[in-house]
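Trainee: Quick one, query26.txt (compact mmCIF, C-alpha atoms and all ligand atoms):
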# COMPACT_ATOMS: atom_id res chain seq x y z
CA MET A 1 0.00 0.00 0.00
CA ASN A 2 1.49 3.39 -0.92
CA ALA A 3 1.23 6.49 1.25
CA SER A 4 -1.65 8.09 -0.64
CA ALA A 5 -3.70 4.90 -0.28
CA ALA A 6 -3.04 5.02 3.47
CA TRP A 7 -4.26 8.63 3.65
CA GLN A 8 -7.51 7.64 1.93
CA HIS A 9 -8.70 6.03 5.17
CA LEU A 10 -8.41 9.34 6.95
CA GLU A 11 -9.88 11.54 4.26
CA PRO A 12 -13.60 11.01 5.02
CA LYS A 13 -13.03 11.89 8.69
CA VAL A 14 -11.06 15.01 7.81
CA VAL A 15 -13.69 16.11 5.28
CA ALA A 16 -16.57 15.52 7.72
CA ILE A 17 -15.07 17.66 10.50
CA ASN A 18 -14.00 20.43 8.15
CA ARG A 19 -17.45 20.48 6.55
CA ARG A 20 -19.11 20.77 9.97
CA ILE A 21 -16.90 23.71 10.92
CA ALA A 22 -17.53 25.37 7.52
CA GLU A 23 -21.30 25.02 8.08
CA LEU A 24 -21.02 26.87 11.39
CA GLU A 25 -18.35 29.40 10.42
CA TRP A 26 -19.38 30.53 6.94
CA GLU A 27 -18.27 34.15 7.36
CA PRO A 28 -15.36 35.77 9.24
CA SER A 29 -17.51 37.14 12.09
CA ARG A 30 -18.69 33.56 12.81
CA ARG A 31 -15.16 32.25 13.32
CA ASN A 32 -14.67 31.27 16.95
CA ASN A 33 -12.26 28.37 16.97
CA PHE A 34 -8.52 29.03 16.81
CA VAL A 35 -8.91 32.80 16.39
CA ALA A 36 -6.05 35.06 17.57
CA TYR A 37 -7.25 37.67 20.08
CA LYS A 38 -4.86 40.48 21.02
CA PRO A 39 -5.60 41.44 24.64
CA GLU A 40 -5.29 44.95 26.04
CA ARG A 41 -3.01 44.88 29.04
CA ASP A 42 -5.17 47.00 31.36
CA SER A 43 -8.70 45.99 30.42
CA SER A 44 -10.73 42.97 29.39
CA TYR A 45 -10.98 44.16 25.79
CA VAL A 46 -9.30 42.34 22.92
CA GLU A 47 -8.66 43.19 19.31
CA VAL A 48 -9.80 40.77 16.64
CA ASP A 49 -10.05 41.37 12.89
CA GLY A 50 -9.74 45.12 13.49
CA ASP A 51 -12.61 45.22 16.05
CA ARG A 52 -12.29 46.08 19.76
CA LEU A 53 -14.48 43.67 21.70
CA LEU A 54 -15.05 42.84 25.37
CA MET A 55 -13.77 39.33 26.16
CA MET A 56 -16.19 37.48 28.43
CA SER A 57 -14.90 33.94 27.93
CA GLY A 58 -11.35 34.04 29.31
CA TYR A 59 -9.91 32.09 32.23
CA GLY A 60 -8.17 34.82 34.22
CA TYR A 61 -10.49 34.56 37.21
CA ILE A 62 -8.50 36.78 39.58
CA GLY A 63 -7.49 39.32 36.96
CA LEU A 64 -3.72 38.91 37.25
CA ASN A 65 -2.73 38.39 33.62
CA GLY A 66 -0.60 41.40 32.67
CA ASP A 67 -0.28 42.51 36.32
CA GLN A 68 3.04 44.36 36.51
CA ARG A 69 4.23 42.40 39.58
CA VAL A 70 3.65 39.09 37.81
CA VAL A 71 5.32 40.33 34.63
CA GLU A 72 8.36 41.50 36.64
CA ALA A 73 8.58 38.12 38.40
CA ALA A 74 8.57 36.30 35.05
CA LYS A 75 11.28 38.64 33.72
CA ALA A 76 13.41 38.20 36.85
CA ALA A 77 13.17 34.41 36.46
CA VAL A 78 14.34 34.65 32.84
CA ASP A 79 17.20 36.98 33.84
CA GLU A 80 18.34 34.51 36.46
CA TYR A 81 17.69 31.15 34.79
CA GLY A 82 17.26 31.78 31.06
CA THR A 83 14.34 30.74 28.91
CA GLY A 84 14.43 26.97 29.21
CA THR A 85 15.24 24.23 31.65
CA PRO A 86 18.12 21.87 30.94
CA GLY A 87 16.06 18.69 31.12
CA VAL A 88 13.27 16.81 32.78
CA ARG A 89 12.74 17.35 36.51
CA ALA A 90 14.50 14.09 37.40
CA LEU A 91 17.63 14.91 35.37
CA ALA A 92 19.09 18.44 35.59
CA GLY A 93 15.74 20.14 34.92
CA THR A 94 14.93 21.17 38.51
CA ILE A 95 15.86 24.74 39.45
CA PRO A 96 15.49 26.26 42.95
CA LEU A 97 12.49 28.23 41.69
CA HIS A 98 10.57 24.96 41.10
CA GLU A 99 11.12 24.05 44.74
CA GLU A 100 10.01 27.51 45.89
CA LEU A 101 6.86 27.21 43.78
CA GLU A 102 6.14 23.74 45.16
CA ALA A 103 6.48 25.02 48.70
CA GLU A 104 4.09 27.89 47.90
CA VAL A 105 1.50 25.59 46.26
CA ALA A 106 1.62 23.28 49.31
CA LYS A 107 1.25 26.20 51.71
CA PHE A 108 -1.59 27.78 49.74
CA THR A 109 -3.55 24.55 49.45
CA GLY A 110 -2.95 23.46 53.05
CA ARG A 111 -0.92 20.30 52.39
CA GLU A 112 2.57 19.14 53.33
CA SER A 113 4.11 18.99 49.84
CA SER A 114 3.46 19.48 46.17
CA LEU A 115 4.78 18.51 42.74
CA VAL A 116 4.55 20.85 39.79
CA PHE A 117 3.98 19.38 36.32
CA SER A 118 4.36 21.14 32.97
CA SER A 119 0.56 21.40 32.55
CA GLY A 120 -2.68 20.65 34.34
CA TYR A 121 -3.37 18.05 31.69
CA ALA A 122 -0.08 16.32 32.53
CA ALA A 123 -0.83 16.48 36.28
CA ASN A 124 -4.13 14.65 35.79
CA VAL A 125 -2.84 12.05 33.35
CA GLY A 126 0.24 11.43 35.50
CA THR A 127 -1.57 11.21 38.81
CA VAL A 128 -4.47 9.01 37.72
CA GLY A 129 -2.11 6.76 35.75
CA ALA A 130 0.26 6.34 38.69
CA LEU A 131 -2.46 5.61 41.25
CA CYS A 132 -4.29 2.91 39.32
CA GLY A 133 -3.54 0.07 36.96
CA ALA A 134 -4.97 -3.22 35.71
CA GLY A 135 -7.34 -4.73 38.28
CA ASP A 136 -8.21 -1.36 39.88
CA THR A 137 -11.33 0.72 39.25
CA ILE A 138 -11.56 4.43 38.46
CA LEU A 139 -14.97 6.03 38.93
CA LEU A 140 -15.50 9.26 37.02
CA ASP A 141 -18.25 11.84 37.14
CA LYS A 142 -19.94 11.95 33.72
CA LEU A 143 -18.73 15.55 33.20
CA ASP A 144 -15.11 15.13 34.33
CA HIS A 145 -12.50 16.97 32.30
CA ALA A 146 -10.92 15.21 29.31
CA SER A 147 -7.51 15.05 31.01
CA ILE A 148 -8.99 12.91 33.81
CA VAL A 149 -10.76 10.67 31.31
CA ASP A 150 -7.56 10.28 29.26
CA GLY A 151 -5.52 9.48 32.37
CA ALA A 152 -8.06 6.88 33.42
CA GLN A 153 -8.14 5.25 29.99
CA LEU A 154 -4.35 5.16 29.73
CA SER A 155 -3.99 3.62 33.20
CA GLY A 156 -5.31 0.20 32.17
CA ALA A 157 -7.77 0.20 35.10
CA THR A 158 -11.49 -0.47 34.68
CA VAL A 159 -13.22 2.86 34.12
CA THR A 160 -16.85 3.50 35.10
CA ARG A 161 -18.86 6.70 35.00
CA PHE A 162 -21.50 7.86 37.46
CA ARG A 163 -24.22 10.43 36.88
CA HIS A 164 -23.13 14.04 37.23
CA ASN A 165 -22.97 15.23 40.85
CA ASP A 166 -24.93 12.18 41.99
CA PRO A 167 -23.35 10.57 45.10
CA ARG A 168 -26.15 7.97 45.29
CA HIS A 169 -25.31 6.72 41.82
CA LEU A 170 -21.63 6.63 42.81
CA ASP A 171 -22.63 4.61 45.86
CA ARG A 172 -24.30 2.01 43.61
CA ARG A 173 -21.32 1.94 41.26
CA LEU A 174 -18.91 1.41 44.17
CA ALA A 175 -21.06 -1.39 45.57
CA GLY A 176 -20.05 -3.59 42.65
CA THR A 177 -16.28 -3.11 43.06
CA ASP A 178 -13.66 -5.30 44.74
CA PRO A 179 -12.63 -3.85 48.14
CA ASP A 180 -9.22 -5.50 47.82
CA THR A 181 -8.28 -3.26 44.89
CA THR A 182 -7.72 0.50 44.56
CA ARG A 183 -10.96 2.33 43.83
CA LEU A 184 -10.31 5.93 42.81
CA VAL A 185 -13.16 8.43 42.52
CA VAL A 186 -12.27 11.57 40.55
CA VAL A 187 -14.36 14.73 40.25
CA ASP A 188 -13.88 18.33 39.12
CA SER A 189 -14.34 20.69 42.09
CA VAL A 190 -15.98 23.21 39.74
CA TYR A 191 -17.16 21.91 36.37
CA SER A 192 -15.46 23.83 33.60
CA MET A 193 -18.42 24.08 31.23
CA ASP A 194 -21.21 24.35 33.82
CA GLY A 195 -19.81 26.24 36.79
CA ASP A 196 -21.47 23.96 39.34
CA ILE A 197 -19.68 22.54 42.38
CA ALA A 198 -19.07 18.90 43.33
CA PRO A 199 -20.96 17.87 46.51
CA LEU A 200 -17.78 17.14 48.46
CA PRO A 201 -19.28 16.19 51.86
CA GLU A 202 -21.64 13.60 50.31
CA LEU A 203 -18.92 12.21 48.02
CA ARG A 204 -16.58 11.95 51.03
CA GLU A 205 -19.17 10.00 52.99
CA VAL A 206 -19.75 7.53 50.12
CA CYS A 207 -16.01 7.07 49.51
CA ASP A 208 -15.33 6.50 53.21
CA ARG A 209 -18.06 3.88 53.43
CA HIS A 210 -16.54 1.94 50.51
CA GLY A 211 -12.87 2.57 51.33
CA ALA A 212 -12.34 4.46 48.06
CA LEU A 213 -9.89 7.31 47.42
CA LEU A 214 -11.36 10.71 46.52
CA MET A 215 -9.46 12.97 44.11
CA VAL A 216 -10.56 16.51 43.18
CA ASP A 217 -9.40 18.62 40.25
CA GLU A 218 -9.23 22.23 41.42
CA ALA A 219 -8.55 23.73 37.96
CA HIS A 220 -11.57 26.06 38.10
CA SER A 221 -11.92 26.35 41.87
CA LEU A 222 -8.54 27.73 42.94
CA GLY A 223 -9.03 31.49 43.17
CA VAL A 224 -12.73 31.02 42.44
CA ILE A 225 -14.50 29.35 45.40
CA GLY A 226 -13.91 29.46 49.14
CA ALA A 227 -13.71 32.73 51.07
CA THR A 228 -10.05 33.21 50.13
CA GLY A 229 -10.02 31.23 46.86
CA ARG A 230 -8.55 28.07 48.35
CA GLY A 231 -11.02 25.85 46.53
CA ILE A 232 -13.56 23.22 47.37
CA GLU A 233 -12.53 22.33 50.92
CA GLU A 234 -12.71 25.98 51.96
CA HIS A 235 -16.04 26.31 50.14
CA PHE A 236 -17.41 23.60 52.45
CA ASN A 237 -15.87 25.33 55.53
CA ASN A 238 -12.95 22.89 55.70
CA GLU A 239 -15.20 20.27 57.25
CA VAL A 240 -14.07 17.50 54.90
CA ARG A 241 -10.90 16.81 52.92
CA ALA A 242 -10.16 15.19 49.60
CA ASP A 243 -7.44 12.51 49.59
CA ILE A 244 -5.78 13.91 46.49
CA LYS A 245 -5.96 17.44 45.11
CA VAL A 246 -4.65 18.46 41.69
CA GLY A 247 -4.95 21.74 39.84
CA THR A 248 -3.53 24.03 37.20
CA LEU A 249 -1.45 27.19 37.02
CA SER A 250 -3.20 28.29 33.85
CA LYS A 251 -6.61 29.55 34.94
CA ALA A 252 -6.79 31.89 37.97
CA VAL A 253 -2.98 31.80 38.04
CA PRO A 254 -1.92 33.34 34.70
CA SER A 255 0.90 31.00 33.77
CA ASN A 256 1.17 27.36 32.75
CA GLY A 257 1.68 24.19 34.71
CA GLY A 258 -0.22 21.79 36.92
CA TRP A 259 0.17 20.61 40.50
CA ILE A 260 -0.65 17.85 42.89
CA VAL A 261 -0.49 18.20 46.67
CA GLY A 262 -0.23 15.59 49.40
CA ASN A 263 2.14 14.25 52.01
CA GLU A 264 5.86 14.09 51.32
CA GLN A 265 6.09 10.30 51.30
CA PHE A 266 3.27 9.95 48.76
CA LEU A 267 4.76 12.56 46.45
CA GLN A 268 8.25 11.00 46.62
CA TRP A 269 6.61 7.82 45.34
CA LEU A 270 4.53 9.62 42.73
CA LYS A 271 7.44 11.54 41.21
CA ARG A 272 9.05 8.23 40.27
CA LEU A 273 5.90 6.88 38.67
CA ALA A 274 3.98 9.73 37.03
CA ARG A 275 5.08 9.45 33.41
CA PRO A 276 4.37 13.03 32.29
CA PHE A 277 6.47 14.22 35.26
CA LEU A 278 9.33 11.88 34.39
CA PHE A 279 9.33 12.12 30.62
CA SER A 280 8.45 15.74 29.78
CA ALA A 281 10.65 18.84 30.14
CA ALA A 282 10.39 20.82 33.36
CA LEU A 283 8.23 23.95 33.47
CA ALA A 284 10.15 26.96 32.04
CA PRO A 285 11.51 29.59 34.47
CA ALA A 286 9.26 32.45 33.29
CA GLN A 287 6.15 30.32 33.95
CA VAL A 288 7.44 29.28 37.37
CA GLY A 289 8.25 32.88 38.35
CA ALA A 290 4.85 34.14 37.17
CA ALA A 291 2.98 31.35 38.99
CA LEU A 292 4.88 31.89 42.24
CA GLU A 293 4.22 35.63 42.30
CA SER A 294 0.55 35.14 41.38
CA LEU A 295 -0.02 32.71 44.25
CA ARG A 296 1.63 35.15 46.66
CA ILE A 297 -0.61 37.96 45.40
CA LEU A 298 -3.69 35.75 45.68
CA ASP A 299 -2.73 35.01 49.28
CA ARG A 300 -2.37 38.74 50.09
CA GLU A 301 -5.36 39.99 48.06
CA PRO A 302 -8.35 37.72 48.76
CA GLU A 303 -10.61 40.66 47.85
CA ARG A 304 -9.97 39.70 44.21
CA VAL A 305 -11.84 36.45 44.90
CA THR A 306 -14.72 38.04 46.79
CA ARG A 307 -15.22 40.73 44.14
CA ALA A 308 -15.37 38.17 41.32
CA GLN A 309 -17.75 36.03 43.42
CA ALA A 310 -20.10 38.98 44.03
CA GLU A 311 -20.04 40.10 40.40
CA SER A 312 -20.64 36.53 39.16
CA ALA A 313 -23.66 36.17 41.45
CA ARG A 314 -25.06 39.46 40.14
CA PHE A 315 -24.43 38.40 36.51
CA ARG A 316 -26.08 35.01 37.02
CA GLN A 317 -29.10 36.53 38.70
CA ILE A 318 -29.69 39.20 36.03
CA MET A 319 -29.23 36.74 33.16
CA SER A 320 -31.54 34.09 34.61
CA GLU A 321 -34.20 36.65 35.61
CA ALA A 322 -34.11 37.82 31.98
CA GLY A 323 -34.96 34.27 30.89
CA MET A 324 -31.52 32.90 29.97
CA ASN A 325 -30.68 29.32 30.96
CA THR A 326 -27.59 29.46 33.19
CA GLY A 327 -27.88 25.80 34.23
CA ASP A 328 -26.76 25.04 37.80
CA SER A 329 -23.89 27.50 37.84
CA GLN A 330 -22.87 28.71 41.30
CA THR A 331 -19.55 30.26 40.31
CA ALA A 332 -17.69 32.61 37.97
CA VAL A 333 -18.19 30.08 35.16
CA VAL A 334 -21.64 30.79 33.76
CA PRO A 335 -23.02 28.86 30.79
CA LEU A 336 -25.64 30.53 28.61
CA ILE A 337 -27.28 27.34 27.33
CA VAL A 338 -29.01 27.73 23.97
CA GLY A 339 -29.58 24.21 22.59
CA SER A 340 -28.21 23.28 19.18
CA ASP A 341 -24.69 23.97 17.93
CA GLU A 342 -26.20 26.27 15.27
CA ASN A 343 -28.00 28.29 17.96
CA ALA A 344 -24.74 28.71 19.84
CA TRP A 345 -22.92 29.94 16.74
CA ASP A 346 -25.77 32.31 15.78
CA TYR A 347 -25.87 33.68 19.31
CA ALA A 348 -22.08 34.11 19.54
CA THR A 349 -22.16 36.00 16.23
CA ALA A 350 -24.96 38.31 17.41
CA CYS A 351 -23.04 38.94 20.67
CA ARG A 352 -19.95 39.82 18.73
CA LYS A 353 -21.94 42.33 16.66
CA ALA A 354 -23.17 43.79 19.96
CA GLY A 355 -19.55 44.21 21.15
CA VAL A 356 -18.85 41.17 23.35
CA ILE A 357 -17.14 37.84 22.90
CA GLY A 358 -18.93 34.86 24.40
CA LEU A 359 -17.37 31.74 22.98
CA PRO A 360 -19.59 28.86 21.90
CA VAL A 361 -18.99 25.32 23.12
CA MET A 362 -20.52 22.39 21.31
CA THR A 363 -20.46 18.60 21.39
CA PRO A 364 -18.40 16.65 22.32
CA ALA A 365 -17.28 19.18 24.97
CA VAL A 366 -20.91 19.31 26.19
CA PRO A 367 -23.80 16.84 25.72
CA PRO A 368 -25.76 17.12 22.43
CA GLY A 369 -28.54 19.72 22.57
CA LEU A 370 -26.82 21.63 25.38
CA ALA A 371 -24.52 23.87 23.32
CA ARG A 372 -23.77 27.13 25.07
CA LEU A 373 -21.68 30.22 25.39
CA ARG A 374 -19.22 29.66 28.21
CA ILE A 375 -18.93 32.93 30.11
CA ALA A 376 -16.39 33.60 32.87
CA ILE A 377 -16.58 36.64 35.13
CA THR A 378 -13.16 37.75 36.38
CA ALA A 379 -11.78 40.19 38.92
CA LYS A 380 -10.44 42.23 36.01
CA HIS A 381 -13.93 42.97 34.65
CA THR A 382 -15.11 46.33 35.93
CA ARG A 383 -18.73 46.87 36.96
CA GLU A 384 -19.14 49.01 33.82
CA GLU A 385 -17.77 46.25 31.59
CA ILE A 386 -20.06 43.66 33.15
CA ASP A 387 -23.11 45.92 32.72
CA PHE A 388 -22.13 46.51 29.09
CA ALA A 389 -21.79 42.73 28.61
CA ILE A 390 -25.19 42.05 30.19
CA ASP A 391 -26.82 44.55 27.83
CA ALA A 392 -25.05 43.04 24.82
CA PHE A 393 -25.87 39.43 25.77
CA LEU A 394 -29.53 40.27 26.28
CA THR A 395 -29.85 42.38 23.11
CA ALA A 396 -28.30 39.54 21.10
CA ALA A 397 -30.55 36.97 22.84
CA ARG A 398 -33.64 38.95 21.80
CA GLN A 399 -32.36 39.17 18.23
CA CYS A 400 -31.85 35.40 18.19
CA ARG A 401 -35.30 34.89 19.76
CA LEU A 402 -33.81 33.09 22.75
CA ILE A 403 -35.85 35.35 25.04
CA GLY A 404 -38.89 37.58 24.47
CA GLU A 405 -38.77 41.34 23.72
C1 LIG B 501 -11.00 20.80 34.84
C2 LIG B 501 -9.71 20.92 34.09
N1 LIG B 501 -8.67 20.14 34.45
C3 LIG B 501 -7.50 20.19 33.82
C4 LIG B 501 -7.30 21.06 32.75
C5 LIG B 501 -5.98 21.07 32.05
O1 LIG B 501 -5.22 22.17 32.49
P1 LIG B 501 -4.11 22.84 31.58
O2 LIG B 501 -4.82 23.64 30.53
O3 LIG B 501 -3.35 23.69 32.54
O4 LIG B 501 -3.29 21.75 30.99
C6 LIG B 501 -8.33 21.89 32.34
C7 LIG B 501 -8.13 22.81 31.20
O5 LIG B 501 -8.99 23.39 30.63
C8 LIG B 501 -9.58 21.82 33.02
O6 LIG B 501 -10.61 22.58 32.65
What do you get writing this file as structure tokens?
Ligand SMILES: Cc1ncc(COP(=O)(O)O)c(C=O)c1O
Mentor:
Amino acid sequence: MNASAAWQHLEPKVVAINRRIAELEWEPSRRNNFVAYKPERDSSYVEVDGDRLLMMSGYGYIGLNGDQRVVEAAKAAVDEYGTGTPGVRALAGTIPLHEELEAEVAKFTGRESSLVFSSGYAANVGTVGALCGAGDTILLDKLDHASIVDGAQLSGATVTRFRHNDPRHLDRRLAGTDPDTTRLVVVDSVYSMDGDIAPLPELREVCDRHGALLMVDEAHSLGVIGATGRGIEEHFNNEVRADIKVGTLSKAVPSNGGWIVGNEQFLQWLKRLARPFLFSAALAPAQVGAALESLRILDREPERVTRAQAESARFRQIMSEAGMNTGDSQTAVVPLIVGSDENAWDYATACRKAGVIGLPVMTPAVPPGLARLRIAITAKHTREEIDFAIDAFLTAARQCRLIGE
């Protein structure tokens, strides 16, 4: 078989996906995927195709991207250590700044130790894959992030799903597992497309009864929930703990990287087993410096968290009172659920014409028929910007007949 014959197998798949995107994005103002947005340093506006638009779908929950102190910390790290790291963490790649960052992550999250990976994706794949293998069972919430699902599938363990945020269904799933094996339950603390919160106390109770480990992914909860942004345990008044906590340095913390926290002995073991930690280059100095400074600022300025929490609650209330479907969101992540993929693209286009960017999310990232704009309210958004966005989202919703006049 020659190479072109081999490509023929792929061609129908490539054509089908490209056709679907072309159906949704038939003119430049409908392009949403892989578009380059140029952000303004001191506001939430971005430039795209010559237009100045208000970005309402970014991740920077505590408004620190572009903060001068974080920028200076990244520059200082480059001045001291250069732009790269000379290897993987196990071989020459660890610099003192990694250790400082790990100490800060551990302190901030209330655990003895931490390990920093080169992304949140790598932290999830590495952790889940190290904890479980053939013969074990991993139990995933139906809406868990793709990195958790990928880690579970790569691990070789049996993978089962339970209904979203349903501890009773988890209970039934656990009842059929072998108590002499590792059973690992993994949930997102805050669901990235829905903005709802995992019921930690109930999950803890079920896991304890079955002797299962409970792991939470704090990607969208660090800096977002809890009185000082410390995530899901603080949200539930520190009454219960997860066994394993992982998170990212790419959402509230404006850098890159992922982390896991736990006791020293466990992490010593994990760092020898987690493949993305062992076999991928260490996080670059600029990212480490930026992450370290951001965590220190978050620790000193919890008002960033409370302001974003108050503004998100106001946004959710106004949007749902106006008739928009915001699902079960309780956080800064607010879906505006509109149904079909076409509806989401039409709505995003109308929003853009009204001056705001709300990015559409379709299947497979969300279940069919639940396409949405994924909105995130951040501490950088001013009251004026949020009011402008509310007006624009509602004007566009009326134009698209999602709500009445
Ligand atoms: C819940 C969740 N976990 C993990 C990740 C992966 O993090 P990163 O983008 O830092 O690799 C994401 C990214 O979107 C996420 O939403």
Trainee: With only C-alpha atoms counted and 6 Å as the cut-off, give the residues of range 63-147 of chain A in contact with range 286-292 of chain A, each with its shortest interatomic distance in Å and the pair that gives it, as a Markdown table.
Mentor:
| residue | atom | partner | partner_atom | distance |
| --- | --- | --- | --- | --- |
| A:Val70 | CA | A:Ala290 | CA | 5.1 |
| A:Ala73 | CA | A:Gly289 | CA | 5.3 |
| A:Ala74 | CA | A:Ala286 | CA | 4.3 |
| A:Ala77 | CA | A:Ala286 | CA | 5.4 |
| A:Val78 | CA | A:Ala286 | CA | 5.6 |
| A:Leu101 | CA | A:Leu292 | CA | 5.3 |
Trainee: Report as a list in words all protein, DNA and RNA residues lying within 9 Å of Ile386 in chain A, evaluated on all atoms listed in the file, omitting residues in the same chain fewer than 5 positions from it.
Mentor: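 Non-adjacent residues within range: Met56, Glu311, Phe315, Ile377, His381 and Asp391 of chain A.
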Trainee: Nearest to ligand LIG 501 (chain B): which of A:Val186, A:Ala103, A:Val338, A:Val46 is it, counting all atoms listed in the file?
Mentor: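 Checking each candidate against ligand LIG 501 (chain B), we get A:Val186 as the closest.
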Trainee: Using all atoms listed in the file, find each residue with an atom at most 7 Å away from ligand LIG 501 (chain B) and format the answer as a list in words.
Mentor: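 The residues within 7 Å of ligand LIG 501 (chain B), counting all atoms listed in the file, are Ser119, Gly120, Tyr121, Ala122, Asn124, His145, Ser147, Asp188, Tyr191, Ser192, Asp217, Glu218, Ala219, His220, Gly247, Thr248, Leu249, Ser250, Asn256, Gly257 and Gly258 of chain A.
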Trainee: When you count all atoms listed in the file, which of these residues is closest to Ile297 in chain A: A:Glu342, A:Asp42, A:Asp194, A:Asp67?
Mentor: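 The answer is A:Asp67, which sits nearest to Ile297 in chain A.
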Trainee: Counting all atoms listed in the file, which of A:Gly369, A:Ala376, A:Glu202, A:Ile95 gets nearest to Gly82 in chain A?
Mentor: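 Result for the nearest residue to Gly82 in chain A: A:Ile95.
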Trainee: With only C-alpha atoms as the counted atoms, please give the residues lying no more than 12 Å from Pro179 in chain A, apart from itself and same-chain residues fewer than 6 positions off, as an MDAnalysis selection string.
Mentor: chainID A and resid 135:137 207:213
Trainee: What gap, in Å, lies between CA of His9 in chain A and CA of Arg31 in chain A?
Mentor: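 These atoms are spaced 28.2 Å apart.
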Trainee: For Ala242 in chain A, which residue among A:Ser4, A:Ser320, A:Thr395, A:Ser189 is the nearest when counting all atoms listed in the file?
Mentor: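 Among the listed residues, A:Ser189 lies closest to Ala242 in chain A.
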Trainee: Residues proximal to (-13.4, 33.0, 41.9) were defined as those with any atom within 9 Å of that point in the file's coordinates, counting only C-alpha atoms. Which are they, as a list in words?
Mentor: Tyr61, Ile62, His220, Ser221, Leu222, Gly223, Val224, Ile225, Gly226, Thr228, Gly229, Gly231, Ala252, Arg304, Val305, Thr306, Arg307, Ala308, Gln309, Ser312, Thr331, Ala332, Val333, Ile377, Thr378 and Ala379 of chain A
Trainee: Would you work out the distance separating CA of Ala396 in chain A from CA of Lys353 in chain A, expressed in Å to one decimal?
Mentor: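 Here the two named atoms are 8.2 Å from each other.
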Trainee: Determine the nearest neighbour of Lys271 in chain A from the options A:Arg69, A:Arg89, A:Arg30, A:Arg173, counting all atoms listed in the file.
Mentor: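 Using all atoms listed in the file, the shortest distance to Lys271 in chain A belongs to A:Arg89.
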Trainee: Point out the residue among A:Gln8, A:Asn238, A:Ser29, A:Asn18 with the least atom-to-atom distance to Trp345 in chain A, counting all atoms listed in the file.
Mentor: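 Counting all atoms listed in the file, the residue closest to Trp345 in chain A is A:Ser29.
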Trainee: Name all residues at most 9 Å from Ala130 in chain A (count only C-alpha atoms; drop same-chain ones fewer than 3 positions away) and give them as a ChimeraX atom specification.
Mentor: /A:125-127,133,155,270,273-275
Trainee: For CA of Ala134 in chain A and CA of Val216 in chain A, determine how far apart the two atoms are, in Å to one decimal place.
Mentor: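 Interatomic distance here is 21.8 Å.
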